[in-house]
file start-v9.tsv (TSV, C-alpha atoms)
chain	number	residue	atom	x	y	z
N	1	MET	CA	108.66	99.96	97.04
N	2	THR	CA	111.67	102.21	97.57
N	3	LYS	CA	111.55	105.53	99.35
N	4	GLU	CA	112.12	107.26	96.00
N	5	THR	CA	108.88	105.78	94.59
N	6	GLN	CA	106.61	106.56	97.51
N	7	PHE	CA	104.91	109.33	95.55
N	8	SER	CA	102.49	111.47	97.52
N	9	CYS	CA	101.45	114.56	95.60
N	10	SER	CA	98.45	114.78	97.92
N	11	GLN	CA	100.78	116.19	100.56
N	12	CYS	CA	101.15	119.33	98.47
N	13	SER	CA	97.56	120.18	99.41
N	14	GLY	CA	98.94	121.79	102.56
N	15	VAL	CA	101.54	123.75	100.56
N	16	TRP	CA	98.81	125.00	98.21
N	17	HIS	CA	96.56	126.11	101.07
N	18	LYS	CA	99.45	127.94	102.71
N	19	SER	CA	100.98	129.74	99.75
N	20	GLY	CA	98.64	129.31	96.77
N	21	LYS	CA	101.29	127.55	94.72
N	22	THR	CA	103.25	124.32	94.54
N	23	HIS	CA	106.48	123.20	92.90
N	24	CYS	CA	104.49	122.14	89.82
N	25	TRP	CA	102.37	125.29	89.58
N	26	SER	CA	103.46	128.81	90.36
N	27	GLY	CA	102.73	132.13	88.67
N	28	ASP	CA	106.44	132.87	88.84
N	29	PRO	CA	108.55	129.74	88.26
N	30	ALA	CA	111.52	131.45	89.89
N	31	SER	CA	109.66	131.62	93.22
N	32	LYS	CA	108.10	128.17	93.25
N	33	PRO	CA	108.45	126.05	96.41
N	34	PRO	CA	111.16	123.37	96.41
N	35	THR	CA	110.33	119.76	95.62
N	36	PRO	CA	109.02	117.95	98.70
N	37	ALA	CA	110.50	114.58	99.62
N	38	SER	CA	107.61	112.69	98.02
N	39	CYS	CA	107.63	114.64	94.71
N	40	PRO	CA	107.91	112.46	91.56
N	41	SER	CA	109.91	115.20	89.82
N	42	LYS	CA	112.59	115.01	92.49
N	43	ASP	CA	114.21	111.80	91.24
N	44	HIS	CA	112.26	110.82	88.14
N	45	MET	CA	112.47	113.65	85.61
N	46	ASP	CA	113.66	111.08	83.08
N	47	VAL	CA	110.26	109.38	83.17
N	48	ILE	CA	108.41	112.69	83.13
N	49	GLN	CA	110.38	113.98	80.13
N	50	GLU	CA	110.05	110.66	78.30
N	51	ALA	CA	106.29	110.85	78.74
N	52	PHE	CA	106.15	114.49	77.66
N	53	ASP	CA	108.04	113.66	74.49
N	54	LEU	CA	105.07	111.51	73.44
N	55	TYR	CA	103.02	114.70	73.19
N	56	LYS	CA	105.28	116.18	70.51
N	57	GLY	CA	105.09	115.48	66.81
N	58	ASP	CA	102.16	114.20	64.77
N	59	GLY	CA	101.27	110.95	66.54
N	60	ASN	CA	97.87	110.14	68.01
N	61	ASP	CA	99.09	110.62	71.59
N	62	ALA	CA	100.43	114.05	70.66
N	63	GLN	CA	97.16	115.04	68.99
N	64	ILE	CA	95.08	113.94	72.00
N	65	ALA	CA	97.39	115.80	74.40
N	66	ARG	CA	97.27	119.03	72.39
N	67	ILE	CA	93.50	118.96	71.90
N	68	ALA	CA	92.95	118.15	75.58
N	69	ALA	CA	95.09	121.16	76.50
N	70	ARG	CA	93.13	123.36	74.08
N	71	VAL	CA	89.83	122.20	75.57
N	72	GLU	CA	91.17	122.95	79.05
N	73	GLY	CA	91.82	126.53	77.94
N	74	LEU	CA	88.39	126.84	76.33
N	75	CYS	CA	86.75	125.70	79.57
N	76	TYR	CA	87.60	129.00	81.22
N	77	GLN	CA	86.64	132.59	80.47
N	78	PRO	CA	88.77	135.59	81.49
N	79	VAL	CA	87.15	138.21	83.68
N	80	THR	CA	87.62	141.69	82.24
N	81	GLY	CA	89.78	143.88	84.46
N	82	SER	CA	90.86	140.97	86.65
N	83	ASP	CA	93.36	138.11	86.67
N	84	ALA	CA	90.52	135.77	87.67
N	85	VAL	CA	88.94	133.26	85.30
N	86	ASN	CA	85.48	131.71	85.40
N	87	ALA	CA	84.72	128.12	84.47
N	88	ARG	CA	82.11	128.13	81.70
N	89	TRP	CA	81.73	124.56	80.40
N	90	THR	CA	80.27	121.41	81.90
N	91	ARG	CA	81.85	117.98	81.41
N	92	VAL	CA	79.31	117.26	78.66
N	93	GLU	CA	80.47	120.38	76.79
N	94	ASP	CA	84.12	119.44	77.35
N	95	THR	CA	83.44	116.02	75.82
N	96	ILE	CA	81.67	117.46	72.80
N	97	ALA	CA	84.39	120.05	72.21
N	98	PHE	CA	87.12	117.41	72.45
N	99	ALA	CA	85.35	115.14	69.98
N	100	LYS	CA	84.82	117.95	67.47
N	101	LEU	CA	88.38	119.24	67.69
N	102	MET	CA	89.73	115.70	67.26
N	103	GLY	CA	87.56	115.22	64.19
N	104	TYR	CA	85.67	112.36	65.83
N	105	ARG	CA	82.11	111.70	64.70
N	106	LYS	CA	81.06	108.21	65.83
N	107	ILE	CA	80.81	108.24	69.64
N	108	GLY	CA	80.27	105.00	71.55
N	109	ILE	CA	78.54	105.05	74.93
N	110	ALA	CA	79.14	102.19	77.38
N	111	THR	CA	76.22	102.62	79.73
N	112	CYS	CA	75.00	101.06	82.94
N	113	ILE	CA	71.47	99.70	82.64
N	114	GLY	CA	70.56	101.94	85.58
N	115	LEU	CA	71.40	105.06	83.54
N	116	LEU	CA	69.52	104.37	80.32
N	117	ASP	CA	67.48	107.57	80.73
N	118	GLU	CA	70.63	109.66	81.17
N	119	THR	CA	72.19	107.89	78.19
N	120	ALA	CA	69.16	108.67	76.01
N	121	LYS	CA	69.48	112.35	76.94
N	122	LEU	CA	73.22	112.30	76.24
N	123	ALA	CA	72.63	110.63	72.86
N	124	ALA	CA	70.09	113.32	71.97
N	125	ILE	CA	72.61	116.04	72.82
N	126	LEU	CA	75.38	114.37	70.82
N	127	SER	CA	73.07	114.01	67.82
N	128	ALA	CA	72.06	117.67	68.07
N	129	GLN	CA	75.76	118.54	68.00
N	130	GLY	CA	76.26	116.69	64.72
N	131	LEU	CA	77.81	113.58	66.26
N	132	GLN	CA	76.67	109.97	65.84
N	133	PRO	CA	76.07	108.22	69.18
N	134	LEU	CA	75.98	104.43	69.57
N	135	SER	CA	75.15	102.97	72.97
N	136	VAL	CA	75.65	99.50	74.45
N	137	CYS	CA	74.18	98.45	77.81
N	138	CYS	CA	76.24	96.65	80.46
N	139	LYS	CA	73.79	93.71	80.63
N	140	THR	CA	73.92	93.05	76.89
N	141	GLY	CA	73.33	89.38	76.15
N	142	SER	CA	71.49	88.82	79.45
N	143	ILE	CA	73.72	86.02	80.80
N	144	ASP	CA	73.10	84.86	84.38
N	145	LYS	CA	75.65	85.84	87.03
N	146	LEU	CA	75.81	82.21	88.14
N	147	GLU	CA	77.83	81.45	85.01
N	148	LEU	CA	80.63	83.57	86.51
N	149	GLY	CA	80.95	81.07	89.33
N	150	LEU	CA	79.05	83.22	91.80
N	151	SER	CA	76.47	81.91	94.23
N	152	GLU	CA	72.88	83.03	94.73
N	153	ALA	CA	74.04	84.89	97.86
N	154	ASP	CA	76.28	87.08	95.67
N	155	LYS	CA	73.32	88.48	93.76
N	156	VAL	CA	71.59	91.75	94.59
N	157	ARG	CA	68.33	89.79	94.82
N	158	PRO	CA	69.12	86.13	95.59
N	159	SER	CA	67.03	83.40	93.96
N	160	THR	CA	66.05	85.63	91.04
N	161	PHE	CA	67.44	85.81	87.52
N	162	GLU	CA	70.15	88.46	87.51
N	163	PRO	CA	72.23	89.09	84.40
N	164	ALA	CA	75.94	89.77	84.70
N	165	CYS	CA	77.59	92.91	83.36
N	166	ASN	CA	79.62	92.24	80.22
N	167	PRO	CA	82.00	95.18	79.72
N	168	VAL	CA	84.30	93.29	77.35
N	169	ALA	CA	81.31	92.67	75.06
N	170	GLN	CA	80.44	96.38	75.29
N	171	ALA	CA	83.96	97.24	74.14
N	172	LYS	CA	84.06	94.62	71.39
N	173	LEU	CA	80.66	95.62	70.03
N	174	LEU	CA	81.75	99.26	69.85
N	175	ASN	CA	85.02	98.09	68.27
N	176	ARG	CA	82.97	96.28	65.64
N	177	ALA	CA	81.08	99.51	65.00
N	178	SER	CA	84.43	101.33	64.56
N	179	THR	CA	83.67	104.14	66.99
N	180	ASP	CA	86.09	107.05	67.10
N	181	MET	CA	85.78	107.62	70.84
N	182	ASN	CA	83.99	105.82	73.66
N	183	VAL	CA	82.31	107.36	76.70
N	184	ILE	CA	81.68	105.51	79.97
N	185	VAL	CA	78.34	106.30	81.60
N	186	GLY	CA	78.14	104.76	85.06
N	187	LEU	CA	79.95	101.44	84.72
N	188	CYS	CA	80.82	99.65	87.97
N	189	VAL	CA	84.31	99.73	89.46
N	190	GLY	CA	86.20	96.94	87.72
N	191	HIS	CA	83.81	96.76	84.80
N	192	ASP	CA	85.07	100.18	83.73
N	193	MET	CA	88.63	98.80	83.84
N	194	LEU	CA	87.76	95.89	81.57
N	195	PHE	CA	85.91	98.15	79.15
N	196	ALA	CA	88.86	100.54	78.89
N	197	LYS	CA	91.28	97.63	78.50
N	198	TYR	CA	89.42	96.10	75.54
N	199	SER	CA	88.28	99.27	73.78
N	200	ASP	CA	90.09	100.03	70.55
N	201	ALA	CA	88.96	103.66	70.61
N	202	PRO	CA	90.19	106.08	73.28
N	203	VAL	CA	87.96	106.11	76.37
N	204	THR	CA	86.75	108.97	78.56
N	205	THR	CA	84.40	108.85	81.55
N	206	LEU	CA	81.37	111.10	81.77
N	207	VAL	CA	79.56	109.48	84.71
N	208	VAL	CA	81.18	107.62	87.61
N	209	LYS	CA	78.79	105.28	89.36
N	210	ASP	CA	78.01	106.07	92.99
N	211	ARG	CA	74.75	104.51	94.04
N	212	VAL	CA	74.57	106.49	97.30
N	213	ALA	CA	75.93	109.90	96.33
N	214	GLY	CA	73.92	110.49	93.16
N	215	HIS	CA	76.89	109.47	90.97
N	216	ASN	CA	79.00	112.21	92.54
N	217	PRO	CA	81.70	110.31	94.46
N	218	VAL	CA	83.68	113.45	95.28
N	219	SER	CA	80.90	114.37	97.71
N	220	VAL	CA	82.34	111.72	100.02
N	221	LEU	CA	85.63	113.64	100.07
N	222	TYR	CA	83.86	116.91	100.82
N	223	GLY	CA	81.84	115.32	103.62
N	224	GLN	CA	84.43	113.12	105.29
N	225	ASN	CA	84.82	115.44	108.26
N	226	PHE	CA	81.22	114.72	109.18
N	227	TYR	CA	79.01	112.25	107.34
N	228	TYR	CA	81.81	110.09	105.96
N	229	LYS	CA	84.33	110.41	108.78
N	230	ARG	CA	83.70	106.69	109.39
N	231	LEU	CA	85.80	105.97	106.28
N	232	GLN	CA	88.86	107.13	108.21
N	233	THR	CA	88.21	104.84	111.18
N	234	GLN	CA	86.05	101.89	110.07
N	235	PRO	CA	87.11	99.25	107.55
N	236	VAL	CA	84.76	98.86	104.58
N	237	ASP	CA	82.94	95.55	105.19
N	238	VAL	CA	83.25	93.25	102.17
N	239	GLY	CA	81.72	90.28	103.95
N	240	GLU	CA	84.86	88.20	104.36
call {"tool": "encode", "arguments": {"input": "start-v9.tsv", "output": "C-alpha cells"}}
result
Amino acid sequence: MTKETQFSCSQCSGVWHKSGKTHCWSGDPASKPPTPASCPSKDHMDVIQEAFDLYKGDGNDAQIARIAARVEGLCYQPVTGSDAVNARWTRVEDTIAFAKLMGYRKIGIATCIGLLDETAKLAAILSAQGLQPLSVCCKTGSIDKLELGLSEADKVRPSTFEPACNPVAQAKLLNRASTDMNVIVGLCVGHDMLFAKYSDAPVTTLVVKDRVAGHNPVSVLYGQNFYYKRLQTQPVDVGE
C-alpha cells in the first residue's frame, strides 16, 4: 500500500473537535480546513468524481443515492428561531421512508434465529405501513455444522445437534420471492457478507449482532476508555 492510499479519515476527528468543521464539511466552503495528508480527496478526486457521476441520471444507483439523500433530510427537523436541527426519525422509520420513496413494496428480512421476536415486531410494523414483509431465518434447512468441516469443539454446545447458518440460502430464497429490498436483522459477521453478496435486491442493515452489548456495537466505542480499554492493549483471543 502506497503512502497515497493510506486513507485515515478518522484522524479528522481531532480537527472536528477543535474547529467544528473538516475539509469535507464546513458551513463556509471558503474557510474549510486544508486536506490532511491522509485525505482521500487529496490525490484521488478522479475516483471520487467517477463515483459521484453514478448518482446522476436515471439509473438505479442514481435513484438510490437521491432517495437516500432525501431521507437524510427528512430525518431532521429545523428548530424555529435557531440554526440547530433535531433528529426525529429512528432507523426503522428511515427504512420505511426509503422503501416508500423508492416505490418498493416487497421487503425481505434476513433474520438471525435469536431475533425472531424482533423480526415479528418489525414485520408487523412493515405490514401496518402498507409493505409486504417476507422473512427467512439464518438456520433455514437445519443442516448440521459438522457438514462445514467443523469439529464438535467448534460448536457453541459440543456434542449436540447444532445447525449451521445458511446466509446464501436466505439470499436465494428472497431472490426467488423477487423482493424489492432486503433488510438484515442480526446476522453474524461474515454471514452478513455472504447474504449481501448473493442478494439480488439492494441490502440494508437494521440490526447488527452484538451478543454482549444488546446489539449496539457502538457502545464499545463509547466505553473504550473504561470498560473496553482492554481492546487497545489485549489481543482478541481466537483460540489459535
call {"tool": "residues_around", "arguments": {"input": "start-v9.tsv", "residues": "N:Lys155", "least_positions_apart": "5", "cutoff": "10 Å", "atoms": "all atoms listed in the file", "output": "list in words"}}
result
Lys145, Leu146, Leu150, Thr160, Phe161, Glu162, Pro163 and Ala164 of chain N
call {"tool": "closest_residue", "arguments": {"input": "start-v9.tsv", "among": "N:Ala69, N:Ala169, N:Val185, N:Ala87", "to": "N:Ala120", "atoms": "all atoms listed in the file"}}
result
N:Val185
call {"tool": "closest_residue", "arguments": {"input": "start-v9.tsv", "among": "N:Gly73, N:Pro217, N:Gly130, N:Pro202", "to": "N:Asp61", "atoms": "all atoms listed in the file"}}
result
N:Pro202
call {"tool": "closest_atom_pairs", "arguments": {"input": "start-v9.tsv", "of": "stretch 114-144 of chain N", "to": "stretch 106-110 of chain N", "cutoff": "7 Å", "atoms": "all atoms listed in the file", "output": "tab-separated table"}}
result
residue	atom	partner	partner_atom	distance
N:Leu131	CA	N:Lys106	CA	6.3
N:Gln132	CA	N:Lys106	CA	4.7
N:Pro133	CA	N:Ile107	CA	4.8
N:Leu134	CA	N:Gly108	CA	4.8
N:Ser135	CA	N:Ile109	CA	4.4
N:Val136	CA	N:Ala110	CA	5.3
N:Cys137	CA	N:Ala110	CA	6.2
N:Cys138	CA	N:Ala110	CA	7.0
call {"tool": "write_last_selection", "arguments": {"input": "start-v9.tsv", "atoms": "C-alpha atoms", "output": "PDB file, in the frame of the given file"}}
result
ATOM      1  CA  LEU N 131      77.810 113.580  66.260  1.00  0.00           C
ATOM      2  CA  GLN N 132      76.670 109.970  65.840  1.00  0.00           C
ATOM      3  CA  PRO N 133      76.070 108.220  69.180  1.00  0.00           C
ATOM      4  CA  LEU N 134      75.980 104.430  69.570  1.00  0.00           C
ATOM      5  CA  SER N 135      75.150 102.970  72.970  1.00  0.00           C
ATOM      6  CA  VAL N 136      75.650  99.500  74.450  1.00  0.00           C
ATOM      7  CA  CYS N 137      74.180  98.450  77.810  1.00  0.00           C
ATOM      8  CA  CYS N 138      76.240  96.650  80.460  1.00  0.00           C
TER       9      CYS N 138
END
call {"tool": "closest_residue", "arguments": {"input": "start-v9.tsv", "among": "N:Phe7, N:Tyr104, N:Trp16, N:Tyr222", "to": "N:Ile67", "atoms": "all atoms listed in the file"}}
result
N:Tyr104
call {"tool": "atom_distance", "arguments": {"input": "start-v9.tsv", "atom1": "atom CA of N:Arg211", "atom2": "atom CA of N:Cys112"}}
result
11.6 Å
call {"tool": "closest_residue", "arguments": {"input": "start-v9.tsv", "among": "N:Gln11, N:Thr204, N:Thr5, N:Gln77", "to": "N:Lys42", "atoms": "all atoms listed in the file"}}
result
N:Thr5
call {"tool": "atom_distance", "arguments": {"input": "start-v9.tsv", "atom1": "atom CA of N:Gly141", "atom2": "atom CA of N:Ile113"}}
result
12.3 Å
call {"tool": "residues_around", "arguments": {"input": "start-v9.tsv", "residues": "stretch 193-196 of chain N", "least_positions_apart": "3", "cutoff": "7 Å", "atoms": "all atoms listed in the file", "output": "PDB file with C-alpha atoms, keeping the file's coordinate frame"}}
result
ATOM      1  CA  PRO N 167      82.000  95.180  79.720  1.00  0.00           C
ATOM      2  CA  VAL N 168      84.300  93.290  77.350  1.00  0.00           C
ATOM      3  CA  GLN N 170      80.440  96.380  75.290  1.00  0.00           C
ATOM      4  CA  ALA N 171      83.960  97.240  74.140  1.00  0.00           C
ATOM      5  CA  GLY N 190      86.200  96.940  87.720  1.00  0.00           C
ATOM      6  CA  SER N 199      88.280  99.270  73.780  1.00  0.00           C
ATOM      7  CA  VAL N 203      87.960 106.110  76.370  1.00  0.00           C
TER       8      VAL N 203
END
call {"tool": "atom_distance", "arguments": {"input": "start-v9.tsv", "atom1": "atom CA of N:Thr111", "atom2": "atom CA of N:Ile64"}}
result
23.3 Å
call {"tool": "closest_residue", "arguments": {"input": "start-v9.tsv", "among": "N:Thr205, N:Ser26, N:Gln234, N:Gln63", "to": "N:Arg91", "atoms": "only C-alpha atoms"}}
result
N:Thr205
call {"tool": "closest_residue", "arguments": {"input": "start-v9.tsv", "among": "N:Lys21, N:His215, N:Arg105, N:Lys172", "to": "N:Asp200", "atoms": "all atoms listed in the file"}}
result
N:Lys172
call {"tool": "residues_around", "arguments": {"input": "start-v9.tsv", "residues": "N:Asp43", "least_positions_apart": "5", "cutoff": "12 Å", "atoms": "only C-alpha atoms", "output": "VMD selection string"}}
result
chain N and resid 2 to 7 35 to 38 48 to 49
